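Only one structure is covered here, and it is reproduced in the block below.
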Amino acid sequence: MFVGIPREIKAGETRVAASPESIKKLLKKGLHVRVEKSAGVAAGFADKDYQMDGVEIVDSKAAAFSCEIILKIHKPTSEEISLLKPNVVLISLIEPFNQDGTIEKLASANVSAIGMELIPRTTRAQSMDVLSSQANIAGYRAVLEASTHYGRFFGMMMTSAGMAKPAKVIVIGAGVAGLQAIATAKRLGAQVEAFDVRAEVKEQILSLGAKFIEINVGEEGSGAGGYAKELSEEGKKKQILGLSEKIKKCDIVISTANIPGRKAPVLITEEAVKGMRTGSVIVDMAAANGGNCTLSEADKIVTKNGVTLIGITNFPALMPADASNFFGNNLVNLLSLIVETKDGKPEIKWNLEDDIVAASLVTHQGKVRWSKK
Ligand SMILES: NC(=O)c1ccc[n+]([C@@H]2O[C@H](COP(=O)([O-])OP(=O)(O)OC[C@H]3O[C@@H](n4cnc5c(N)ncnc54)[C@H](O)[C@@H]3O)[C@@H](O)[C@H]2O)c1
């Protein structure tokens, strides 16, 4: 049974769905692998790094797609779907929320497609959770990006030529990306404060050595499944007001507030940006999803009112070797749920009762299984 690893073609993407390390794990399951030529080059993996017994480096996209299982980062284009054979298993991001016709095309091509963004955030699924593995990298890289655009030190510096004060960093949203951003900014020596509408993350913020920003929004912000719920209009106003006061006094904002499947909440207004001193930096990690800041622009770095607004939407692509390795390992762990190896021979076994499979299998046996809740 062959697993295909095509080269990603989405603009700006440098990652690949398998690293040499994750491929070794596929081979151990008795699977064979076809890697499209140069698929890993942008991520820092040469074709020769994949050369192992059981791996073929293939020249054409069609050859990489002519396998029983396909591993990818991004959802396939229409042209890529046309290369898939019936009954193939595709595991990648699928973006079902976009409702752009991809899942209907996958169903009519009789592809069993697993959407990696649909995997539940449970302890058992943690090793398969690409959103977490990639957000962790993104939170780290976002702080480094902020530091290169900030014309000052992050940590306190005492030198014979003068003293530099530590940067004041505010992190909004303390989920996976936010917690990593807090840890990274702390490691660089910044003074860090953080806010989240879910009261239960206060402890995690404090445990990283940051201060928790207390804003009374007048309601409970925790929703189902460990995610936040949308605040009422009144609650939103209170939050924006409380945050604006804090933002005026800080140098860097890393904003990660998000509720899955919804547009990002607007938390940083033009007024708040105007209140910041010249040279300050805002990293709007939610830029792809509408943004937490009204002035940030997706995929752009712009300066407005003297404040640099960073709207990079694919931070993991800036650290593609580790990002690909983590993503590839997540894919292999997921694959273990549907591939059983007996006497060295791998077989696909569907258990639709499994909560992870049930939540993430978007199309199967010619039908769309996913529906917007
Ligand atoms: N730019 C990139 O390269 C990149 C990469 C990965 C993730 N992201 C984005 O970063 C964001 C965070 O990702 P994540 O995986 O950490 O998500 P997450 O769900 O783990 O964390 C989001 C956090 O935001 C909090 N939140 C929601 N509404 C809020 C509000 N009104 N005020 C304060 N906090 C609020 C939630 O409680 C949660 O803790 C998402 O928008 C995601 O799409 C961007």
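Please note that chains go A, B, ... in the order of the structure tokens, that every chain numbers its residues from 1, and that ligands are numbered from 1 in the order shown.
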
Checklist entry - Which protein, DNA or RNA residues have an atom within 6 Å of ligand 1, counting only C-alpha atoms and all ligand atoms, as a PyMOL selection string? => result chain A and resi 131-132+134-135+138+172-178+195-198+227-228+256-259+265+285-286+312-316

I need the residues from that last selection saved to file as a PDB file, in the first residue's frame (with N, CA and C atoms), if you can.
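And here is the file that came out, selection_39.pdb:
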```pdb
ATOM      1  N   LEU A 131      -3.636  21.767  14.435  1.00  0.00           N
ATOM      2  CA  LEU A 131      -3.885  23.171  14.795  1.00  0.00           C
ATOM      3  C   LEU A 131      -3.018  23.544  15.993  1.00  0.00           C
ATOM      4  N   SER A 132      -2.919  22.635  16.950  1.00  0.00           N
ATOM      5  CA  SER A 132      -2.094  22.916  18.129  1.00  0.00           C
ATOM      6  C   SER A 132      -0.605  22.919  17.772  1.00  0.00           C
ATOM      7  N   GLN A 134       0.869  23.512  15.050  1.00  0.00           N
ATOM      8  CA  GLN A 134       1.264  24.644  14.202  1.00  0.00           C
ATOM      9  C   GLN A 134       1.075  25.977  14.938  1.00  0.00           C
ATOM     10  N   ALA A 135       0.046  26.064  15.792  1.00  0.00           N
ATOM     11  CA  ALA A 135      -0.175  27.305  16.555  1.00  0.00           C
ATOM     12  C   ALA A 135       0.951  27.527  17.562  1.00  0.00           C
ATOM     13  N   ALA A 138       3.621  28.977  15.621  1.00  0.00           N
ATOM     14  CA  ALA A 138       3.236  30.334  15.202  1.00  0.00           C
ATOM     15  C   ALA A 138       3.369  31.324  16.359  1.00  0.00           C
ATOM     16  N   ILE A 172      -3.121  38.774  23.914  1.00  0.00           N
ATOM     17  CA  ILE A 172      -4.586  38.666  24.026  1.00  0.00           C
ATOM     18  C   ILE A 172      -5.002  37.297  23.490  1.00  0.00           C
ATOM     19  N   GLY A 173      -5.645  36.517  24.338  1.00  0.00           N
ATOM     20  CA  GLY A 173      -6.005  35.145  23.956  1.00  0.00           C
ATOM     21  C   GLY A 173      -4.887  34.217  24.402  1.00  0.00           C
ATOM     22  N   ALA A 174      -5.154  33.393  25.405  1.00  0.00           N
ATOM     23  CA  ALA A 174      -4.100  32.505  25.912  1.00  0.00           C
ATOM     24  C   ALA A 174      -4.458  31.049  25.643  1.00  0.00           C
ATOM     25  N   GLY A 175      -4.663  30.749  24.345  1.00  0.00           N
ATOM     26  CA  GLY A 175      -4.831  29.362  23.918  1.00  0.00           C
ATOM     27  C   GLY A 175      -3.439  28.832  23.586  1.00  0.00           C
ATOM     28  N   VAL A 176      -3.354  27.989  22.569  1.00  0.00           N
ATOM     29  CA  VAL A 176      -2.062  27.371  22.241  1.00  0.00           C
ATOM     30  C   VAL A 176      -1.041  28.425  21.786  1.00  0.00           C
ATOM     31  N   ALA A 177      -1.423  29.249  20.807  1.00  0.00           N
ATOM     32  CA  ALA A 177      -0.483  30.245  20.277  1.00  0.00           C
ATOM     33  C   ALA A 177      -0.146  31.275  21.351  1.00  0.00           C
ATOM     34  N   GLY A 178      -1.166  31.702  22.086  1.00  0.00           N
ATOM     35  CA  GLY A 178      -0.967  32.736  23.098  1.00  0.00           C
ATOM     36  C   GLY A 178      -0.032  32.295  24.208  1.00  0.00           C
ATOM     37  N   PHE A 195      -4.450  38.406  28.607  1.00  0.00           N
ATOM     38  CA  PHE A 195      -5.879  38.381  28.904  1.00  0.00           C
ATOM     39  C   PHE A 195      -6.560  37.297  28.077  1.00  0.00           C
ATOM     40  N   ASP A 196      -7.534  36.666  28.687  1.00  0.00           N
ATOM     41  CA  ASP A 196      -8.379  35.711  27.969  1.00  0.00           C
ATOM     42  C   ASP A 196      -9.758  35.771  28.595  1.00  0.00           C
ATOM     43  N   VAL A 197     -10.784  35.553  27.787  1.00  0.00           N
ATOM     44  CA  VAL A 197     -12.145  35.559  28.359  1.00  0.00           C
ATOM     45  C   VAL A 197     -12.433  34.303  29.173  1.00  0.00           C
ATOM     46  N   ARG A 198     -11.651  33.247  28.966  1.00  0.00           N
ATOM     47  CA  ARG A 198     -11.863  32.024  29.748  1.00  0.00           C
ATOM     48  C   ARG A 198     -11.078  32.160  31.060  1.00  0.00           C
ATOM     49  N   TYR A 227     -13.264  25.806  24.456  1.00  0.00           N
ATOM     50  CA  TYR A 227     -13.132  27.015  23.649  1.00  0.00           C
ATOM     51  C   TYR A 227     -13.927  28.151  24.285  1.00  0.00           C
ATOM     52  N   ALA A 228     -13.673  29.371  23.796  1.00  0.00           N
ATOM     53  CA  ALA A 228     -14.415  30.531  24.312  1.00  0.00           C
ATOM     54  C   ALA A 228     -15.776  30.604  23.632  1.00  0.00           C
ATOM     55  N   THR A 256      -4.238  36.852  19.664  1.00  0.00           N
ATOM     56  CA  THR A 256      -4.539  35.500  19.147  1.00  0.00           C
ATOM     57  C   THR A 256      -5.990  35.097  19.410  1.00  0.00           C
ATOM     58  N   ALA A 257      -6.843  36.059  19.791  1.00  0.00           N
ATOM     59  CA  ALA A 257      -8.205  35.693  20.214  1.00  0.00           C
ATOM     60  C   ALA A 257      -9.007  35.090  19.067  1.00  0.00           C
ATOM     61  N   ASN A 258      -9.622  33.973  19.362  1.00  0.00           N
ATOM     62  CA  ASN A 258     -10.290  33.217  18.301  1.00  0.00           C
ATOM     63  C   ASN A 258     -11.348  32.292  18.864  1.00  0.00           C
ATOM     64  N   ILE A 259     -12.457  32.156  18.127  1.00  0.00           N
ATOM     65  CA  ILE A 259     -13.464  31.140  18.434  1.00  0.00           C
ATOM     66  C   ILE A 259     -13.612  30.324  17.152  1.00  0.00           C
ATOM     67  N   PRO A 265     -12.898  37.977  16.856  1.00  0.00           N
ATOM     68  CA  PRO A 265     -13.487  39.145  17.523  1.00  0.00           C
ATOM     69  C   PRO A 265     -12.597  40.380  17.368  1.00  0.00           C
ATOM     70  N   MET A 285      -2.407  37.795  15.003  1.00  0.00           N
ATOM     71  CA  MET A 285      -2.328  36.409  14.533  1.00  0.00           C
ATOM     72  C   MET A 285      -3.636  35.927  13.929  1.00  0.00           C
ATOM     73  N   ALA A 286      -4.712  36.666  14.161  1.00  0.00           N
ATOM     74  CA  ALA A 286      -6.014  36.270  13.611  1.00  0.00           C
ATOM     75  C   ALA A 286      -6.300  36.961  12.276  1.00  0.00           C
ATOM     76  N   ILE A 312       0.918  38.613   9.213  1.00  0.00           N
ATOM     77  CA  ILE A 312       1.378  37.343   8.599  1.00  0.00           C
ATOM     78  C   ILE A 312       0.376  36.233   8.939  1.00  0.00           C
ATOM     79  N   THR A 313      -0.079  35.509   7.919  1.00  0.00           N
ATOM     80  CA  THR A 313      -1.120  34.504   8.160  1.00  0.00           C
ATOM     81  C   THR A 313      -0.564  33.071   8.184  1.00  0.00           C
ATOM     82  N   ASN A 314       0.708  32.931   7.849  1.00  0.00           N
ATOM     83  CA  ASN A 314       1.274  31.575   7.870  1.00  0.00           C
ATOM     84  C   ASN A 314       2.653  31.603   8.525  1.00  0.00           C
ATOM     85  N   PHE A 315       2.663  31.817   9.838  1.00  0.00           N
ATOM     86  CA  PHE A 315       3.938  31.802  10.566  1.00  0.00           C
ATOM     87  C   PHE A 315       4.628  30.442  10.486  1.00  0.00           C
ATOM     88  N   PRO A 316       3.885  29.315  10.550  1.00  0.00           N
ATOM     89  CA  PRO A 316       4.588  28.021  10.477  1.00  0.00           C
ATOM     90  C   PRO A 316       5.430  27.876   9.197  1.00  0.00           C
TER      91      PRO A 316
END
```

Polymer residues at most 7 Å from segment 336-338 of chain A, only C-alpha atoms, same-chain spacing of 4 or more positions, as a PDB file with N, CA and C atoms, in the first residue's frame:
```pdb
ATOM      1  N   VAL A 332       0.842  10.945  10.749  1.00  0.00           N
ATOM      2  CA  VAL A 332       1.131   9.518  10.973  1.00  0.00           C
ATOM      3  C   VAL A 332       0.325   9.004  12.169  1.00  0.00           C
ATOM      4  N   ILE A 348      -6.507  -0.944   5.441  1.00  0.00           N
ATOM      5  CA  ILE A 348      -7.326   0.166   5.935  1.00  0.00           C
ATOM      6  C   ILE A 348      -8.563  -0.395   6.620  1.00  0.00           C
ATOM      7  N   LYS A 349      -8.797   0.035   7.853  1.00  0.00           N
ATOM      8  CA  LYS A 349      -9.961  -0.431   8.639  1.00  0.00           C
ATOM      9  C   LYS A 349     -10.691   0.794   9.166  1.00  0.00           C
ATOM     10  N   TRP A 350     -11.927   0.992   8.745  1.00  0.00           N
ATOM     11  CA  TRP A 350     -12.680   2.157   9.213  1.00  0.00           C
ATOM     12  C   TRP A 350     -13.465   1.810  10.468  1.00  0.00           C
TER      13      TRP A 350
END
```

Please, which residues in segment 258-358 of chain A fall within 10 Å of segment 62-79 of chain A when counting only C-alpha atoms, and what is the closest atom pair and distance in Å to one decimal for each, ordered by chain then residue number, as JSON lines?
```
{"residue": "A:Ser324", "atom": "CA", "partner": "A:Ile73", "partner_atom": "CA", "distance": 8.7}
{"residue": "A:Phe327", "atom": "CA", "partner": "A:Ile73", "partner_atom": "CA", "distance": 7.8}
{"residue": "A:Gly328", "atom": "CA", "partner": "A:Leu71", "partner_atom": "CA", "distance": 8.4}
{"residue": "A:Leu331", "atom": "CA", "partner": "A:Leu71", "partner_atom": "CA", "distance": 7.3}
{"residue": "A:Val332", "atom": "CA", "partner": "A:Leu71", "partner_atom": "CA", "distance": 9.0}
{"residue": "A:Leu335", "atom": "CA", "partner": "A:Ile69", "partner_atom": "CA", "distance": 9.3}
{"residue": "A:Ile348", "atom": "CA", "partner": "A:Glu68", "partner_atom": "CA", "distance": 9.5}
```

Checklist entry - Can you tell me, as a ChimeraX atom specification, what residues are no more than 12 Å from Leu26 of chain A when counting only C-alpha atoms, ignoring any on the same chain fewer than 3 positions away? => result /A:1-5,18-23,29-34,52-55,69,71,328-336,339-341,344,346

Next on the checklist: Nearest residue to Ser232 of chain A out of A:Val130, A:Ala142, A:Met319, A:Val217, using only C-alpha atoms?
Outcome noted: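 Residue with the minimum atom-to-atom distance to Ser232 of chain A: A:Val217.
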
Checklist entry - Can you list, as a ChimeraX atom specification, every residue of segment 79-127 of chain A that DSSP puts in alpha helix (DSSP H)? => result /A:79-81,102-108

Residues from the last selection, N, CA and C atoms, saved as an mmCIF file, in the first residue's frame:
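Written file, again_38.cif:
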```cif
data_model
loop_
_atom_site.group_PDB
_atom_site.id
_atom_site.type_symbol
_atom_site.label_atom_id
_atom_site.label_comp_id
_atom_site.auth_asym_id
_atom_site.auth_seq_id
_atom_site.Cartn_x
_atom_site.Cartn_y
_atom_site.Cartn_z
ATOM 1 N N GLU A 79 -7.911 20.536 -9.717
ATOM 2 C CA GLU A 79 -7.006 19.763 -10.589
ATOM 3 C C GLU A 79 -6.404 18.587 -9.812
ATOM 4 N N GLU A 80 -6.037 18.828 -8.564
ATOM 5 C CA GLU A 80 -5.472 17.745 -7.751
ATOM 6 C C GLU A 80 -6.533 16.679 -7.459
ATOM 7 N N ILE A 81 -7.772 17.118 -7.221
ATOM 8 C CA ILE A 81 -8.843 16.130 -6.955
ATOM 9 C C ILE A 81 -9.021 15.227 -8.179
ATOM 10 N N THR A 102 -15.239 22.225 -2.340
ATOM 11 C CA THR A 102 -14.193 21.184 -2.288
ATOM 12 C C THR A 102 -14.751 19.863 -1.765
ATOM 13 N N ILE A 103 -15.522 19.930 -0.675
ATOM 14 C CA ILE A 103 -15.956 18.653 -0.078
ATOM 15 C C ILE A 103 -16.946 17.931 -0.987
ATOM 16 N N GLU A 104 -17.756 18.682 -1.725
ATOM 17 C CA GLU A 104 -18.693 18.034 -2.661
ATOM 18 C C GLU A 104 -17.889 17.343 -3.778
ATOM 19 N N LYS A 105 -16.822 18.025 -4.243
ATOM 20 C CA LYS A 105 -15.990 17.412 -5.304
ATOM 21 C C LYS A 105 -15.301 16.145 -4.780
ATOM 22 N N LEU A 106 -14.846 16.188 -3.529
ATOM 23 C CA LEU A 106 -14.181 15.006 -2.949
ATOM 24 C C LEU A 106 -15.166 13.850 -2.817
ATOM 25 N N ALA A 107 -16.411 14.181 -2.429
ATOM 26 C CA ALA A 107 -17.427 13.123 -2.291
ATOM 27 C C ALA A 107 -17.722 12.513 -3.650
ATOM 28 N N SER A 108 -17.873 13.352 -4.683
ATOM 29 C CA SER A 108 -18.212 12.741 -5.981
ATOM 30 C C SER A 108 -17.033 12.000 -6.597
#
```

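For the pair atom CA of Cys293 of chain A and atom CA of Ile268 of chain A, the separation is 4.5 Å.
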
Item to check | Counting only C-alpha atoms, the option among A:Glu8, A:Glu203, A:Asp343, A:Glu117 closest to Ala359 of chain A | outcome: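 Of A:Glu8, A:Glu203, A:Asp343, A:Glu117, the one nearest Ala359 of chain A, counting only C-alpha atoms, is A:Glu117.
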